[in-house]
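Chemist: So that you have it, the file is protein.txt, and it contains compact mmCIF, C-alpha atoms:
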```txt
# COMPACT_ATOMS: atom_id res chain seq x y z
CA MET A 12 -61.61 164.06 32.83
CA ASN A 13 -58.55 163.50 30.65
CA THR A 14 -56.40 165.64 33.00
CA LEU A 15 -57.53 163.65 36.03
CA LEU A 16 -56.63 160.40 34.27
CA LYS A 17 -53.16 161.73 33.39
CA LEU A 18 -52.58 162.83 36.99
CA PHE A 19 -53.59 159.38 38.24
CA ALA A 20 -51.24 157.74 35.70
CA VAL A 21 -48.34 159.96 36.88
CA LEU A 22 -48.99 159.00 40.52
CA ILE A 23 -49.04 155.31 39.66
CA ALA A 24 -45.84 155.70 37.65
CA LEU A 25 -44.14 157.43 40.59
CA LEU A 26 -45.20 154.63 42.91
CA LEU A 27 -43.95 151.94 40.59
CA LEU A 28 -40.72 153.66 39.57
CA TYR A 29 -39.54 155.02 42.91
CA LEU A 30 -41.41 153.92 45.99
CA TYR A 31 -41.70 150.19 45.31
CA PRO A 32 -37.96 149.72 44.59
CA LEU A 33 -37.15 151.86 47.63
CA SER A 34 -39.44 149.74 49.79
CA ALA A 35 -37.95 146.51 48.42
CA ALA A 36 -34.40 147.77 49.08
CA PHE A 37 -35.21 148.68 52.69
CA ASP A 38 -36.93 145.33 53.24
CA GLN A 39 -33.82 143.61 51.92
CA GLN A 40 -31.68 145.73 54.27
CA ASP A 41 -33.88 144.58 57.18
CA ASP A 42 -33.44 140.96 56.09
CA ILE A 43 -29.66 141.40 55.99
CA SER A 44 -29.73 143.02 59.44
CA GLU A 45 -31.70 140.07 60.76
CA LEU A 46 -29.19 137.62 59.28
CA VAL A 47 -26.25 139.51 60.80
CA ALA A 48 -28.00 139.61 64.19
CA LEU A 49 -28.84 135.90 63.94
CA ARG A 50 -25.23 135.02 63.12
CA ALA A 51 -23.90 137.17 65.97
CA THR A 52 -26.40 135.68 68.43
CA THR A 53 -25.72 132.07 67.50
CA SER A 54 -21.95 132.63 67.60
CA PHE A 55 -22.16 134.28 71.03
CA VAL A 56 -24.47 131.67 72.57
CA ASP A 57 -22.48 128.76 71.13
CA ALA A 58 -19.23 130.28 72.42
CA VAL A 59 -20.75 130.72 75.89
CA ARG A 60 -22.03 127.14 75.88
CA ASP A 61 -18.65 125.79 74.73
CA LYS A 62 -16.54 127.85 77.17
CA GLY A 63 -18.91 127.58 80.12
CA GLY A 64 -19.09 131.27 80.84
CA ILE A 65 -19.08 134.85 79.60
CA THR A 66 -16.20 137.30 79.56
CA PRO A 67 -16.52 141.06 79.07
CA VAL A 68 -14.70 140.78 75.74
CA MET A 69 -17.17 138.18 74.46
CA TYR A 70 -20.14 140.34 75.47
CA ASN A 71 -18.65 143.53 74.00
CA ASP A 72 -17.86 141.76 70.71
CA PHE A 73 -21.45 140.48 70.57
CA MET A 74 -22.90 143.94 71.18
CA ALA A 75 -20.55 145.47 68.57
CA ALA A 76 -21.69 142.91 65.98
CA LEU A 77 -25.32 143.80 66.71
CA ALA A 78 -24.57 147.53 66.51
CA ALA A 79 -22.99 147.03 63.07
CA THR A 80 -26.49 146.45 61.65
CA GLY A 81 -27.43 150.07 62.30
CA ASN A 82 -30.34 149.03 64.53
CA SER A 83 -30.62 149.18 68.29
CA PHE A 84 -31.34 145.94 70.13
CA ALA A 85 -32.54 144.83 73.54
CA VAL A 86 -30.59 141.76 74.63
CA GLU A 87 -32.09 139.49 77.29
CA MET A 88 -29.80 136.79 78.69
CA GLU A 89 -31.04 133.96 80.87
CA HIS A 90 -28.91 131.43 82.73
CA GLY A 91 -30.79 128.52 84.26
CA SER A 92 -29.16 126.35 86.89
CA LYS A 93 -30.52 123.12 88.32
CA THR A 94 -29.52 122.09 91.85
CA TYR A 95 -30.36 118.96 93.80
CA VAL A 96 -31.24 119.47 97.47
CA PRO A 97 -31.42 116.48 99.83
CA VAL A 98 -34.71 116.04 101.70
CA TYR A 99 -34.55 115.68 105.51
CA GLU A 100 -37.37 115.17 107.98
CA ASP A 101 -35.46 117.40 110.39
CA PRO A 102 -32.87 119.55 108.56
CA THR A 103 -30.80 119.95 111.72
CA ARG A 104 -30.21 116.18 112.00
CA PRO A 105 -28.32 114.49 109.13
CA GLU A 106 -29.54 111.02 110.11
CA THR A 107 -33.13 111.94 109.08
CA PHE A 108 -32.21 111.94 105.38
CA ARG A 109 -35.11 110.44 103.41
CA GLY A 110 -33.03 109.20 100.51
CA THR A 111 -34.61 111.59 98.00
CA TYR A 112 -33.69 114.89 96.47
CA GLU A 113 -35.69 117.93 95.44
CA ILE A 114 -34.81 119.68 92.22
CA HIS A 115 -34.55 123.46 92.45
CA TYR A 116 -34.30 125.67 89.39
CA ASP A 117 -32.57 129.01 89.70
CA ALA A 118 -32.70 131.58 86.92
CA TYR A 119 -30.29 134.47 86.47
CA TYR A 120 -30.92 137.36 84.10
CA ASN A 121 -29.15 140.50 82.87
CA ALA A 122 -29.53 142.09 86.31
CA GLN A 123 -27.35 139.36 87.84
CA ILE A 124 -25.03 138.66 84.89
CA LEU A 125 -23.93 142.16 83.82
CA PRO A 126 -22.69 143.32 87.28
CA VAL A 127 -20.28 140.37 87.28
CA LEU A 128 -18.97 141.30 83.82
CA PHE A 129 -18.85 145.04 84.44
CA PRO A 130 -18.35 145.76 88.15
CA GLY A 131 -18.04 149.29 89.45
CA ASN A 132 -14.27 149.04 89.82
CA THR A 133 -11.31 149.39 87.47
CA LEU A 134 -10.32 145.76 87.07
CA ALA A 135 -8.79 144.72 83.75
CA LYS A 136 -11.05 143.09 81.15
CA ASP A 137 -9.18 139.81 81.45
CA ASP A 138 -9.38 139.68 85.26
CA PRO A 139 -10.74 136.26 86.35
CA SER A 140 -13.26 137.87 88.74
CA ARG A 141 -15.01 139.48 85.75
CA ARG A 142 -16.00 136.12 84.27
CA TYR A 143 -19.54 134.90 84.64
CA ARG A 144 -19.17 131.16 85.16
CA MET A 145 -21.65 128.36 84.49
CA ARG A 146 -21.65 124.64 85.15
CA VAL A 147 -22.01 121.75 82.74
CA GLY A 148 -25.71 121.01 82.24
CA ASP A 149 -26.91 124.56 82.94
CA SER A 150 -29.02 126.25 80.31
CA PHE A 151 -28.21 129.55 78.64
CA SER A 152 -30.37 131.49 76.24
CA VAL A 153 -30.41 134.91 74.64
CA THR A 154 -33.33 136.78 73.09
CA VAL A 155 -32.50 139.70 70.81
CA ARG A 156 -35.19 142.24 69.82
CA ASN A 157 -34.81 145.39 67.81
CA THR A 158 -36.03 148.51 69.64
CA ASN A 159 -36.01 150.98 66.78
CA ARG A 160 -38.32 151.26 63.81
CA THR A 161 -36.39 149.95 60.83
CA ALA A 162 -36.39 151.78 57.51
CA GLY A 163 -38.35 148.96 55.88
CA THR A 164 -41.04 149.25 58.55
CA LEU A 165 -41.27 153.01 58.11
CA ILE A 166 -41.70 152.76 54.32
CA PHE A 167 -44.24 149.93 54.69
CA ASP A 168 -46.23 151.97 57.23
CA MET A 169 -46.17 154.99 54.95
CA LEU A 170 -47.37 153.04 51.92
CA SER A 171 -50.04 151.06 53.74
CA ASN A 172 -51.08 153.86 56.13
CA THR A 173 -50.69 151.61 59.20
CA ILE A 174 -48.58 151.51 62.33
CA SER A 175 -46.58 148.30 62.64
CA PRO A 176 -44.93 147.14 65.86
CA ASN A 177 -41.30 148.14 66.38
CA GLU A 178 -40.13 144.57 66.81
CA LYS A 179 -39.37 143.27 63.37
CA ILE A 180 -36.24 141.34 64.33
CA VAL A 181 -36.72 138.85 67.19
CA ILE A 182 -34.12 136.13 67.67
CA PRO A 183 -34.39 133.60 70.52
CA TYR A 184 -31.50 131.14 70.78
CA GLY A 185 -30.08 128.98 73.54
CA GLY A 186 -29.10 125.55 74.76
CA THR A 187 -27.26 123.52 77.37
CA VAL A 188 -23.80 124.45 78.62
CA ARG A 189 -21.35 121.79 77.43
CA HIS A 190 -18.16 122.70 79.30
CA ALA A 191 -17.22 124.48 82.52
CA MET A 192 -15.01 127.57 82.45
CA ASP A 193 -11.58 127.00 83.97
```
Represent the supplied structure as structure tokens.
Modeler:
Amino acid sequence: MNTLLKLFAVLIALLLLYLYPLSAAFDQQDDISELVALRATTSFVDAVRDKGGITPVMYNDFMAALAATGNSFAVEMEHGSKTYVPVYEDPTRPETFRGTYEIHYDAYYNAQILPVLFPGNTLAKDDPSRRYRMRVGDSFSVTVRNTNRTAGTLIFDMLSNTISPNEKIVIPYGGTVRHAMD
């Protein structure tokens, strides 16, 4: 009985001396990664909103800042554009204008934005045709999610004998475009 008690005490001591500080350190590393990703995301989105568009250099700098955390991220961009369409009784005759407008919302995502930034040709990074332009009043948002299992999640799962979701870092951020790109 005394041997079993000593073995249990050694296991508890190992947990308290090694695994808990290791878990706390990895959790702190995850928190720092989240702060770095949050800072990079807010800087990128605010720059896009201020400039009125995205350049390949801006996007590459954003992705490099996210990669510096040591985690892999899925980045979802969304550009929303509002257009006003006049309402006609007969669209082929301009004199049938009703005096009202319909509001149409168009949304553009990574599938439409990235081919503008990175076309299949060898244009220079600063070429004007590689800029994704937006208008004043459009909306732009980015959602960043980690795709890998962070070290803090792995240690937590090991200690608690559970399987946590991969997404520990989720950052949604966006707003209205304030200026148009020249």
Chemist: Could you work out how far atom CA of Val98 of chain A lies from atom CA of Ala118 of chain A, giving the answer in Å with one decimal?
Modeler: 21.5 Å
Chemist: At a cut-off of 10 Å, using only C-alpha atoms, what residues contact Tyr31 of chain A? Leave out same-chain residues fewer than 6 positions from it and give the result as a PyMOL selection string.
Modeler: chain A and resi 25+37+166-167+170
Chemist: When distances are computed from all atoms listed in the file, which of A:Tyr143, A:Tyr184, A:Tyr112, A:Tyr29 shows the smallest separation from Val127 of chain A?
Modeler: A:Tyr143
Chemist: Pick out the closest residue to Glu87 of chain A from this set: A:Leu165, A:Val59, A:Ala35, A:Ile124. Count all atoms listed in the file.
Modeler: A:Ile124
Chemist: Give me, please, the distance in Å between atom CA of Leu77 of chain A and atom CA of Val147 of chain A, quoted to one decimal.
Modeler: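 Interatomic distance, atom CA of Leu77 of chain A to atom CA of Val147 of chain A: 27.5 Å.
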Chemist: Would you kindly return, as a PDB file with C-alpha atoms, in the frame of the given file, each protein, DNA or RNA residue with an atom no farther than 12 Å from any atom of Glu89 of chain A, considering all atoms listed in the file and excluding same-chain residues fewer than 4 positions away?
Modeler:
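The result, written out as result.pdb:
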```pdb
ATOM      1  CA  VAL A  56     -24.470 131.670  72.570  1.00  0.00           C
ATOM      2  CA  VAL A  59     -20.750 130.720  75.890  1.00  0.00           C
ATOM      3  CA  ASP A 117     -32.570 129.010  89.700  1.00  0.00           C
ATOM      4  CA  ALA A 118     -32.700 131.580  86.920  1.00  0.00           C
ATOM      5  CA  TYR A 119     -30.290 134.470  86.470  1.00  0.00           C
ATOM      6  CA  TYR A 120     -30.920 137.360  84.100  1.00  0.00           C
ATOM      7  CA  ASN A 121     -29.150 140.500  82.870  1.00  0.00           C
ATOM      8  CA  ALA A 122     -29.530 142.090  86.310  1.00  0.00           C
ATOM      9  CA  GLN A 123     -27.350 139.360  87.840  1.00  0.00           C
ATOM     10  CA  ILE A 124     -25.030 138.660  84.890  1.00  0.00           C
ATOM     11  CA  LEU A 125     -23.930 142.160  83.820  1.00  0.00           C
ATOM     12  CA  MET A 145     -21.650 128.360  84.490  1.00  0.00           C
ATOM     13  CA  ASP A 149     -26.910 124.560  82.940  1.00  0.00           C
ATOM     14  CA  SER A 150     -29.020 126.250  80.310  1.00  0.00           C
ATOM     15  CA  PHE A 151     -28.210 129.550  78.640  1.00  0.00           C
ATOM     16  CA  SER A 152     -30.370 131.490  76.240  1.00  0.00           C
ATOM     17  CA  VAL A 153     -30.410 134.910  74.640  1.00  0.00           C
ATOM     18  CA  THR A 154     -33.330 136.780  73.090  1.00  0.00           C
ATOM     19  CA  VAL A 155     -32.500 139.700  70.810  1.00  0.00           C
ATOM     20  CA  PRO A 183     -34.390 133.600  70.520  1.00  0.00           C
ATOM     21  CA  TYR A 184     -31.500 131.140  70.780  1.00  0.00           C
ATOM     22  CA  GLY A 185     -30.080 128.980  73.540  1.00  0.00           C
ATOM     23  CA  GLY A 186     -29.100 125.550  74.760  1.00  0.00           C
ATOM     24  CA  THR A 187     -27.260 123.520  77.370  1.00  0.00           C
TER      25      THR A 187
END
```
Chemist: For Ile65 of chain A, work out the shell of residues within 8 Å, counting only C-alpha atoms and skipping chain neighbours fewer than 2 positions away, then give it as an mmCIF file with C-alpha atoms, keeping the file's coordinate frame.
Modeler:
```
data_model
loop_
_atom_site.group_PDB
_atom_site.id
_atom_site.type_symbol
_atom_site.label_atom_id
_atom_site.label_comp_id
_atom_site.auth_asym_id
_atom_site.auth_seq_id
_atom_site.Cartn_x
_atom_site.Cartn_y
_atom_site.Cartn_z
ATOM 1 C CA VAL A 59 -20.750 130.720 75.890
ATOM 2 C CA LYS A 62 -16.540 127.850 77.170
ATOM 3 C CA GLY A 63 -18.910 127.580 80.120
ATOM 4 C CA PRO A 67 -16.520 141.060 79.070
ATOM 5 C CA MET A 69 -17.170 138.180 74.460
ATOM 6 C CA TYR A 70 -20.140 140.340 75.470
ATOM 7 C CA LEU A 128 -18.970 141.300 83.820
ATOM 8 C CA ARG A 142 -16.000 136.120 84.270
ATOM 9 C CA TYR A 143 -19.540 134.900 84.640
ATOM 10 C CA ARG A 144 -19.170 131.160 85.160
#
```
Chemist: Interatomic distance between atom CA of Gly91 of chain A and atom CA of Asp61 of chain A?
Modeler: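 Those two atoms sit 15.7 Å apart.
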Chemist: Name the closest residue to Phe108 of chain A among the candidates A:Ala20, A:Val96, A:Ala78, A:Leu27; distances are taken between atoms, counting only C-alpha atoms.
Modeler: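 Nearest candidate to Phe108 of chain A out of A:Ala20, A:Val96, A:Ala78, A:Leu27: A:Val96.
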Chemist: Restore N, CA and C atoms in segment 143-173 of chain A and list the result as a tab-separated table (two decimals), in the coordinates of the input.
Modeler:
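Result written to result-v4.tsv:
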```
chain	number	residue	atom	x	y	z
A	143	TYR	N	-18.31	135.50	84.14
A	143	TYR	CA	-19.54	134.90	84.64
A	143	TYR	C	-19.48	133.42	84.32
A	144	ARG	N	-19.38	132.60	85.35
A	144	ARG	CA	-19.17	131.16	85.16
A	144	ARG	C	-20.48	130.38	85.24
A	145	MET	N	-20.51	129.28	84.48
A	145	MET	CA	-21.65	128.36	84.49
A	145	MET	C	-21.13	126.94	84.64
A	146	ARG	N	-22.02	126.04	84.99
A	146	ARG	CA	-21.65	124.64	85.15
A	146	ARG	C	-22.15	123.83	83.97
A	147	VAL	N	-21.56	122.67	83.78
A	147	VAL	CA	-22.01	121.75	82.74
A	147	VAL	C	-23.45	121.34	83.06
A	148	GLY	N	-24.31	121.38	82.06
A	148	GLY	CA	-25.71	121.01	82.24
A	148	GLY	C	-26.63	122.19	82.48
A	149	ASP	N	-26.08	123.36	82.80
A	149	ASP	CA	-26.91	124.56	82.94
A	149	ASP	C	-27.46	124.94	81.57
A	150	SER	N	-28.49	125.76	81.58
A	150	SER	CA	-29.02	126.25	80.31
A	150	SER	C	-28.68	127.73	80.16
A	151	PHE	N	-28.50	128.14	78.93
A	151	PHE	CA	-28.21	129.55	78.64
A	151	PHE	C	-28.95	129.92	77.36
A	152	SER	N	-29.66	131.03	77.43
A	152	SER	CA	-30.37	131.49	76.24
A	152	SER	C	-30.31	133.01	76.15
A	153	VAL	N	-30.43	133.49	74.92
A	153	VAL	CA	-30.41	134.91	74.64
A	153	VAL	C	-31.57	135.21	73.70
A	154	THR	N	-32.29	136.30	73.99
A	154	THR	CA	-33.33	136.78	73.09
A	154	THR	C	-32.94	138.19	72.68
A	155	VAL	N	-32.88	138.41	71.37
A	155	VAL	CA	-32.50	139.70	70.81
A	155	VAL	C	-33.72	140.28	70.11
A	156	ARG	N	-34.06	141.54	70.44
A	156	ARG	CA	-35.19	142.24	69.82
A	156	ARG	C	-34.74	143.62	69.40
A	157	ASN	N	-35.15	144.03	68.20
A	157	ASN	CA	-34.81	145.39	67.81
A	157	ASN	C	-35.75	146.35	68.53
A	158	THR	N	-35.23	147.52	68.91
A	158	THR	CA	-36.03	148.51	69.64
A	158	THR	C	-36.36	149.71	68.78
A	159	ASN	N	-35.74	149.84	67.65
A	159	ASN	CA	-36.01	150.98	66.78
A	159	ASN	C	-36.95	150.56	65.64
A	160	ARG	N	-37.51	151.53	65.00
A	160	ARG	CA	-38.32	151.26	63.81
A	160	ARG	C	-37.37	151.23	62.62
A	161	THR	N	-37.32	150.10	61.95
A	161	THR	CA	-36.39	149.95	60.83
A	161	THR	C	-36.90	150.75	59.64
A	162	ALA	N	-36.02	151.01	58.70
A	162	ALA	CA	-36.39	151.78	57.51
A	162	ALA	C	-37.45	151.05	56.70
A	163	GLY	N	-37.35	149.75	56.61
A	163	GLY	CA	-38.35	148.96	55.88
A	163	GLY	C	-39.72	149.07	56.51
A	164	THR	N	-39.77	149.09	57.85
A	164	THR	CA	-41.04	149.25	58.55
A	164	THR	C	-41.63	150.63	58.32
A	165	LEU	N	-40.78	151.65	58.33
A	165	LEU	CA	-41.27	153.01	58.11
A	165	LEU	C	-41.87	153.17	56.71
A	166	ILE	N	-41.19	152.66	55.69
A	166	ILE	CA	-41.70	152.76	54.32
A	166	ILE	C	-43.00	151.96	54.18
A	167	PHE	N	-43.03	150.75	54.76
A	167	PHE	CA	-44.24	149.93	54.69
A	167	PHE	C	-45.41	150.64	55.36
A	168	ASP	N	-45.17	151.25	56.52
A	168	ASP	CA	-46.23	151.97	57.23
A	168	ASP	C	-46.72	153.17	56.42
A	169	MET	N	-45.79	153.84	55.76
A	169	MET	CA	-46.17	154.99	54.95
A	169	MET	C	-47.02	154.55	53.76
A	170	LEU	N	-46.63	153.48	53.10
A	170	LEU	CA	-47.37	153.04	51.92
A	170	LEU	C	-48.72	152.42	52.27
A	171	SER	N	-48.79	151.73	53.38
A	171	SER	CA	-50.04	151.06	53.74
A	171	SER	C	-50.89	151.85	54.74
A	172	ASN	N	-50.38	152.98	55.20
A	172	ASN	CA	-51.08	153.86	56.13
A	172	ASN	C	-51.47	153.09	57.41
A	173	THR	N	-50.49	152.36	57.96
A	173	THR	CA	-50.69	151.61	59.20
A	173	THR	C	-49.55	151.93	60.16
```
